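Note: the block below is data.cif and it holds mmCIF, C-alpha atoms.
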```cif
data_target
loop_
_atom_site.group_PDB
_atom_site.id
_atom_site.type_symbol
_atom_site.label_atom_id
_atom_site.label_comp_id
_atom_site.auth_asym_id
_atom_site.auth_seq_id
_atom_site.Cartn_x
_atom_site.Cartn_y
_atom_site.Cartn_z
ATOM 1 C CA MET A 1 37.566 52.555 33.240
ATOM 2 C CA THR A 2 37.718 50.460 36.384
ATOM 3 C CA GLN A 3 39.571 47.195 36.790
ATOM 4 C CA GLN A 4 36.250 45.444 37.321
ATOM 5 C CA GLN A 5 34.888 46.776 34.031
ATOM 6 C CA HIS A 6 37.927 45.486 32.161
ATOM 7 C CA LYS A 7 37.512 42.126 33.882
ATOM 8 C CA THR A 8 33.822 41.996 32.942
ATOM 9 C CA ALA A 9 34.643 42.730 29.304
ATOM 10 C CA ARG A 10 37.234 39.948 29.213
ATOM 11 C CA THR A 11 34.799 37.506 30.821
ATOM 12 C CA LEU A 12 32.143 38.376 28.263
ATOM 13 C CA MET A 13 34.475 37.913 25.308
ATOM 14 C CA ASP A 14 35.871 34.640 26.614
ATOM 15 C CA ALA A 15 32.404 33.162 27.013
ATOM 16 C CA TYR A 16 30.351 34.801 24.261
ATOM 17 C CA GLY A 17 32.787 36.627 21.977
ATOM 18 C CA LEU A 18 32.376 34.407 18.918
ATOM 19 C CA THR A 19 31.259 36.631 16.065
ATOM 20 C CA HIS A 20 28.629 35.491 13.589
ATOM 21 C CA ALA A 21 31.217 35.687 10.812
ATOM 22 C CA GLU A 22 33.536 33.329 12.695
ATOM 23 C CA GLU A 23 30.640 30.990 13.417
ATOM 24 C CA ALA A 24 29.794 30.892 9.702
ATOM 25 C CA GLY A 25 33.384 30.079 8.779
ATOM 26 C CA ILE A 26 34.162 33.514 7.329
ATOM 27 C CA GLN A 27 37.771 34.597 7.779
ATOM 28 C CA LEU A 28 36.862 38.250 7.780
ATOM 29 C CA ARG A 29 39.384 40.705 6.369
ATOM 30 C CA ASN A 30 39.345 43.666 4.026
ATOM 31 C CA THR A 31 39.223 41.691 0.783
ATOM 32 C CA PRO A 32 36.303 41.157 -1.631
ATOM 33 C CA ALA A 33 35.287 37.549 -0.941
ATOM 34 C CA PRO A 34 34.949 37.645 2.874
ATOM 35 C CA LEU A 35 33.233 41.041 2.766
ATOM 36 C CA TYR A 36 30.688 39.629 0.334
ATOM 37 C CA GLN A 37 30.252 36.549 2.520
ATOM 38 C CA LEU A 38 29.483 38.847 5.451
ATOM 39 C CA LEU A 39 26.883 40.642 3.340
ATOM 40 C CA THR A 40 25.323 37.275 2.496
ATOM 41 C CA LEU A 41 25.184 36.407 6.178
ATOM 42 C CA CYS A 42 23.468 39.730 6.924
ATOM 43 C CA VAL A 43 20.834 39.003 4.275
ATOM 44 C CA LEU A 44 20.150 35.675 5.985
ATOM 45 C CA PHE A 45 19.811 37.393 9.366
ATOM 46 C CA SER A 46 17.379 39.983 8.026
ATOM 47 C CA VAL A 47 14.272 37.862 8.558
ATOM 48 C CA PRO A 48 12.739 36.654 11.848
ATOM 49 C CA ILE A 49 14.634 33.377 12.029
ATOM 50 C CA LYS A 50 16.879 31.753 14.630
ATOM 51 C CA ALA A 51 20.516 32.814 14.502
ATOM 52 C CA ASP A 52 21.822 29.250 14.351
ATOM 53 C CA ILE A 53 19.672 28.554 11.298
ATOM 54 C CA ALA A 54 20.911 31.699 9.550
ATOM 55 C CA VAL A 55 24.510 30.676 10.242
ATOM 56 C CA ALA A 56 23.842 27.141 9.031
ATOM 57 C CA ALA A 57 22.316 28.546 5.845
ATOM 58 C CA ALA A 58 25.425 30.613 5.213
ATOM 59 C CA ARG A 59 27.592 27.543 5.653
ATOM 60 C CA GLU A 60 25.453 25.606 3.178
ATOM 61 C CA LEU A 61 25.655 28.366 0.577
ATOM 62 C CA PHE A 62 29.406 28.721 0.976
ATOM 63 C CA GLY A 63 29.869 24.956 0.964
ATOM 64 C CA ALA A 64 28.017 24.835 -2.349
ATOM 65 C CA GLY A 65 30.562 27.277 -3.775
ATOM 66 C CA MET A 66 28.551 30.511 -3.478
ATOM 67 C CA ARG A 67 31.328 32.487 -1.803
ATOM 68 C CA THR A 68 31.618 35.383 -4.256
ATOM 69 C CA PRO A 69 29.052 37.615 -5.973
ATOM 70 C CA ARG A 70 29.938 36.062 -9.337
ATOM 71 C CA ALA A 71 29.416 32.531 -8.025
ATOM 72 C CA MET A 72 26.142 33.557 -6.367
ATOM 73 C CA ALA A 73 24.880 35.272 -9.519
ATOM 74 C CA ASP A 74 25.849 32.282 -11.662
ATOM 75 C CA SER A 75 24.104 29.801 -9.397
ATOM 76 C CA SER A 76 20.536 28.867 -10.181
ATOM 77 C CA TRP A 77 17.630 30.024 -8.065
ATOM 78 C CA GLN A 78 16.906 26.364 -7.313
ATOM 79 C CA ASP A 79 20.499 25.775 -6.180
ATOM 80 C CA ARG A 80 20.088 28.580 -3.666
ATOM 81 C CA VAL A 81 16.708 27.307 -2.484
ATOM 82 C CA ASP A 82 18.145 23.810 -2.048
ATOM 83 C CA ALA A 83 21.100 25.096 0.002
ATOM 84 C CA LEU A 84 18.788 27.075 2.242
ATOM 85 C CA GLY A 85 16.518 24.069 2.609
ATOM 86 C CA ARG A 86 19.381 21.881 3.795
ATOM 87 C CA ALA A 87 19.837 24.350 6.647
ATOM 88 C CA HIS A 88 16.078 24.220 7.458
ATOM 89 C CA TYR A 89 15.786 27.879 6.459
ATOM 90 C CA ARG A 90 12.029 27.536 6.029
ATOM 91 C CA ARG A 91 9.309 29.980 4.955
ATOM 92 C CA TYR A 92 11.832 32.479 3.641
ATOM 93 C CA ASP A 93 13.869 30.175 1.410
ATOM 94 C CA GLU A 94 12.364 31.196 -1.932
ATOM 95 C CA SER A 95 12.279 34.942 -1.307
ATOM 96 C CA THR A 96 15.781 34.849 0.172
ATOM 97 C CA ALA A 97 17.090 32.925 -2.825
ATOM 98 C CA THR A 98 15.749 35.721 -5.023
ATOM 99 C CA ALA A 99 17.212 38.422 -2.772
ATOM 100 C CA LEU A 100 20.638 36.766 -2.820
ATOM 101 C CA GLY A 101 20.655 36.555 -6.606
ATOM 102 C CA ASP A 102 19.524 40.157 -7.049
ATOM 103 C CA GLY A 103 21.979 41.361 -4.413
ATOM 104 C CA ALA A 104 24.881 39.587 -6.101
ATOM 105 C CA GLU A 105 24.010 41.297 -9.373
ATOM 106 C CA LEU A 106 23.976 44.643 -7.576
ATOM 107 C CA VAL A 107 27.448 44.029 -6.116
ATOM 108 C CA LEU A 108 28.729 43.113 -9.572
ATOM 109 C CA ASN A 109 27.084 45.940 -11.496
ATOM 110 C CA ARG A 110 27.523 48.804 -9.036
ATOM 111 C CA TYR A 111 30.713 47.847 -7.211
ATOM 112 C CA ARG A 112 32.379 45.536 -9.745
ATOM 113 C CA GLY A 113 32.256 42.693 -7.265
ATOM 114 C CA ASP A 114 34.115 44.510 -4.495
ATOM 115 C CA LEU A 115 32.339 46.005 -1.461
ATOM 116 C CA ARG A 116 35.401 48.091 -0.739
ATOM 117 C CA ARG A 117 34.060 50.306 -3.512
ATOM 118 C CA LEU A 118 30.894 50.778 -1.422
ATOM 119 C CA ARG A 119 33.174 51.982 1.349
ATOM 120 C CA ASP A 120 34.871 54.356 -1.084
ATOM 121 C CA ALA A 121 31.505 55.603 -2.359
ATOM 122 C CA ALA A 122 30.504 56.404 1.228
ATOM 123 C CA LYS A 123 33.733 58.411 1.644
ATOM 124 C CA GLY A 124 34.322 56.691 4.957
ATOM 125 C CA LYS A 125 31.116 58.032 6.535
ATOM 126 C CA PRO A 126 29.501 55.356 8.744
ATOM 127 C CA ASP A 127 25.941 56.599 8.239
ATOM 128 C CA ARG A 128 26.424 56.599 4.482
ATOM 129 C CA ILE A 129 27.868 53.075 4.599
ATOM 130 C CA ARG A 130 24.699 51.966 6.390
ATOM 131 C CA GLU A 131 22.526 53.744 3.805
ATOM 132 C CA LEU A 132 24.285 52.036 0.905
ATOM 133 C CA LEU A 133 24.056 48.646 2.600
ATOM 134 C CA ARG A 134 20.291 49.106 2.941
ATOM 135 C CA GLU A 135 20.033 49.397 -0.837
ATOM 136 C CA PHE A 136 20.660 45.665 -1.108
ATOM 137 C CA PRO A 137 17.555 43.464 -1.260
ATOM 138 C CA ARG A 138 16.389 42.329 2.168
ATOM 139 C CA ILE A 139 19.002 44.373 4.072
ATOM 140 C CA GLY A 140 17.320 46.728 6.528
ATOM 141 C CA PRO A 141 18.589 48.604 9.585
ATOM 142 C CA VAL A 142 19.217 45.361 11.492
ATOM 143 C CA GLY A 143 21.211 43.780 8.677
ATOM 144 C CA ALA A 144 23.217 46.959 8.153
ATOM 145 C CA GLU A 145 24.046 47.116 11.863
ATOM 146 C CA ILE A 146 25.187 43.498 11.890
ATOM 147 C CA PHE A 147 27.485 44.200 8.943
ATOM 148 C CA CYS A 148 28.976 47.256 10.644
ATOM 149 C CA ARG A 149 29.342 45.473 13.978
ATOM 150 C CA GLU A 150 31.253 42.619 12.380
ATOM 151 C CA ALA A 151 33.227 44.666 9.833
ATOM 152 C CA GLN A 152 34.496 47.287 12.280
ATOM 153 C CA GLY A 153 37.625 45.213 12.858
ATOM 154 C CA SER A 154 38.523 45.706 9.192
ATOM 155 C CA TRP A 155 36.960 49.121 8.487
ATOM 156 C CA PRO A 156 38.233 51.545 11.161
ATOM 157 C CA GLU A 157 35.757 54.274 10.239
ATOM 158 C CA LEU A 158 32.936 52.090 11.574
ATOM 159 C CA ARG A 159 34.456 51.981 15.053
ATOM 160 C CA PRO A 160 33.000 51.822 17.578
ATOM 161 C CA ALA A 161 29.850 50.028 16.400
ATOM 162 C CA PHE A 162 27.572 48.962 19.257
ATOM 163 C CA ASP A 163 23.847 48.863 18.592
ATOM 164 C CA GLU A 164 21.136 49.800 21.055
ATOM 165 C CA ARG A 165 20.738 46.238 22.344
ATOM 166 C CA ALA A 166 24.460 45.911 23.032
ATOM 167 C CA ARG A 167 24.579 49.276 24.818
ATOM 168 C CA ALA A 168 21.574 48.424 26.977
ATOM 169 C CA THR A 169 23.155 45.124 28.012
ATOM 170 C CA ALA A 170 26.419 46.895 28.800
ATOM 171 C CA ALA A 171 24.616 49.294 31.109
ATOM 172 C CA GLU A 172 22.927 46.402 32.928
ATOM 173 C CA LEU A 173 26.338 44.844 33.520
ATOM 174 C CA GLY A 174 27.864 48.019 34.903
ATOM 175 C CA LEU A 175 29.831 48.789 31.754
ATOM 176 C CA PRO A 176 29.831 52.110 29.877
ATOM 177 C CA SER A 177 26.673 52.535 27.836
ATOM 178 C CA SER A 178 28.226 54.672 25.093
ATOM 179 C CA PRO A 179 30.112 53.263 22.096
ATOM 180 C CA ALA A 180 33.129 55.407 22.930
ATOM 181 C CA GLY A 181 33.152 54.188 26.521
ATOM 182 C CA LEU A 182 32.910 50.549 25.498
ATOM 183 C CA ALA A 183 35.713 51.040 22.979
ATOM 184 C CA ARG A 184 38.062 52.014 25.772
ATOM 185 C CA LEU A 185 37.691 48.585 27.369
ATOM 186 C CA VAL A 186 39.392 46.595 24.580
ATOM 187 C CA ASP A 187 41.798 47.005 21.694
ATOM 188 C CA ALA A 188 40.369 47.947 18.297
ATOM 189 C CA GLU A 189 40.653 44.431 16.861
ATOM 190 C CA SER A 190 38.539 43.054 19.726
ATOM 191 C CA LEU A 191 35.608 45.422 19.217
ATOM 192 C CA PRO A 192 33.618 42.969 17.052
ATOM 193 C CA ARG A 193 34.021 40.294 19.738
ATOM 194 C CA LEU A 194 32.869 42.563 22.548
ATOM 195 C CA ALA A 195 29.884 43.752 20.511
ATOM 196 C CA ALA A 196 28.982 40.162 19.629
ATOM 197 C CA ALA A 197 29.280 39.086 23.265
ATOM 198 C CA LEU A 198 26.940 41.825 24.456
ATOM 199 C CA VAL A 199 24.322 40.907 21.858
ATOM 200 C CA ARG A 200 24.580 37.201 22.657
ATOM 201 C CA VAL A 201 24.143 37.919 26.368
ATOM 202 C CA ALA A 202 21.104 40.055 25.585
ATOM 203 C CA LEU A 203 19.541 37.141 23.712
ATOM 204 C CA SER A 204 20.369 34.541 26.368
ATOM 205 C CA LYS A 205 18.094 34.099 29.369
ATOM 206 C CA ASN A 206 20.734 32.581 31.617
ATOM 207 C CA ALA A 207 24.002 34.166 30.461
ATOM 208 C CA VAL A 208 24.285 36.780 33.194
ATOM 209 C CA ASP A 209 23.541 34.287 35.986
ATOM 210 C CA GLU A 210 26.035 31.795 34.557
ATOM 211 C CA LEU A 211 28.813 34.333 34.178
ATOM 212 C CA PHE A 212 28.311 36.597 37.163
#
```
Let me see the file written as structure tokens.
Amino acid sequence: MTQQQHKTARTLMDAYGLTHAEEAGIQLRNTPAPLYQLLTLCVLFSVPIKADIAVAAARELFGAGMRTPRAMADSSWQDRVDALGRAHYRRYDESTATALGDGAELVLNRYRGDLRRLRDAAKGKPDRIRELLREFPRIGPVGAEIFCREAQGSWPELRPAFDERARATAAELGLPSSPAGLARLVDAESLPRLAAALVRVALSKNAVDELF
């Protein structure tokens, strides 16, 4: 790794390294509630909707007390629709409210409310973790990748998690284009921030010109 590559990585993280979990107010760690909150956020991201609206929807749900699978399952469908509506989560509010309720029941029934049991069921295999995540309503490949990208700070077996968009952006910026190469630029705890920064830059029209 060159000095310039390390400098570029630091610049990216300083400017764009806010993870979606942080933005949604999730204090992510390897405990049941924040892991479930991350799953909820990934459900909200799994439709074609603006990222800021998905984050706002998560904040509304959590602010209404739906921070655990039990609380989500015990909430009414209308409560979930109303929370999503307050965040202007339009068109998908009713179907997402259903998906969140069904997903909460799945967490409770299959994993006894603790997604660490999903990790155990996958025996630490990243591909299997992604497969099990996709069994939740609404979670597809994109949602599973977001979960792994954000959770890699807490689940070491997911490291390094950089999706195709992040790797392509890295290559454009003169950084390594492989997950292993990118992982050598930062410490393990910073991997979610670097991955988030690369994705945010990819989605921003002016980020590269502003930074470099």
Which residues fall under the PyMOL selection byres ((chain A and resi 13-25) around 6) in this file, as a JSON list (two decimals) with C-alpha atoms, keeping the file's coordinate frame?
```
[["chain", "number", "residue", "atom", "x", "y", "z"],
["A", 10, "ARG", "CA", 37.23, 39.95, 29.21],
["A", 11, "THR", "CA", 34.80, 37.51, 30.82],
["A", 12, "LEU", "CA", 32.14, 38.38, 28.26],
["A", 26, "ILE", "CA", 34.16, 33.51, 7.33],
["A", 55, "VAL", "CA", 24.51, 30.68, 10.24],
["A", 59, "ARG", "CA", 27.59, 27.54, 5.65],
["A", 193, "ARG", "CA", 34.02, 40.29, 19.74],
["A", 194, "LEU", "CA", 32.87, 42.56, 22.55],
["A", 196, "ALA", "CA", 28.98, 40.16, 19.63],
["A", 197, "ALA", "CA", 29.28, 39.09, 23.26]]
```
Contact residues around segment 177-186 of chain A with only C-alpha atoms at 12 Å, ignoring same-chain residues under 2 positions, as a PyMOL selection string = chain A and resi 1-13+149+152-153+158-175+188-195+198
Quick check on the file I pasted: which residues fall under the PyMOL selection byres ((chain A and resi 113) around 9)? Write them as a PDB file with C-alpha atoms, in the frame of the given file.
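Okay, this is what ended up in out-v2.pdb:
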```pdb
ATOM      1  CA  PRO A  32      36.303  41.157  -1.631  1.00  0.00           C
ATOM      2  CA  ALA A  33      35.287  37.549  -0.941  1.00  0.00           C
ATOM      3  CA  TYR A  36      30.688  39.629   0.334  1.00  0.00           C
ATOM      4  CA  THR A  68      31.618  35.383  -4.256  1.00  0.00           C
ATOM      5  CA  PRO A  69      29.052  37.615  -5.973  1.00  0.00           C
ATOM      6  CA  ARG A  70      29.938  36.062  -9.337  1.00  0.00           C
ATOM      7  CA  ALA A 104      24.881  39.587  -6.101  1.00  0.00           C
ATOM      8  CA  GLU A 105      24.010  41.297  -9.373  1.00  0.00           C
ATOM      9  CA  LEU A 106      23.976  44.643  -7.576  1.00  0.00           C
ATOM     10  CA  VAL A 107      27.448  44.029  -6.116  1.00  0.00           C
ATOM     11  CA  LEU A 108      28.729  43.113  -9.572  1.00  0.00           C
ATOM     12  CA  ASN A 109      27.084  45.940 -11.496  1.00  0.00           C
ATOM     13  CA  ARG A 110      27.523  48.804  -9.036  1.00  0.00           C
ATOM     14  CA  TYR A 111      30.713  47.847  -7.211  1.00  0.00           C
ATOM     15  CA  ARG A 112      32.379  45.536  -9.745  1.00  0.00           C
ATOM     16  CA  ASP A 114      34.115  44.510  -4.495  1.00  0.00           C
ATOM     17  CA  LEU A 115      32.339  46.005  -1.461  1.00  0.00           C
ATOM     18  CA  ARG A 117      34.060  50.306  -3.512  1.00  0.00           C
TER      19      ARG A 117
END
```
Expected selection from the PyMOL selection byres ((chain A and resi 40) around 12), given as number ranges by chain = A: 20-21, 24, 26, 33-39, 41-46, 54-55, 57-62, 66-69, 72, 80, 96-97, 99-104, 107, 115, 133, 136-139, 143-144, 146-147
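For the residues A:Ala51, A:Leu132, A:Ala64, A:Ala121, ranking by smallest atom-to-atom distance to His88 of chain A using only C-alpha atoms places A:Ala51 first.
Note that atom CA of Ala122 of chain A and atom CA of Arg134 of chain A are 12.7 Å apart.
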Which distance in Å separates atom CA of Tyr89 of chain A and atom CA of Leu118 of chain A, to one decimal?
-> 28.5 Å
From the set A:Ser95, A:Trp155, A:Asp52, A:Gly124, which residue has the shortest atom-to-atom contact distance to Trp77 of chain A, counting all atoms listed in the file?
-> A:Ser95
Expressed in Å to a single decimal, how great is the separation between atom CA of Tyr92 of chain A and atom CA of Thr31 of chain A?
->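 We find that atom CA of Tyr92 of chain A and atom CA of Thr31 of chain A lie 29.0 Å from each other.
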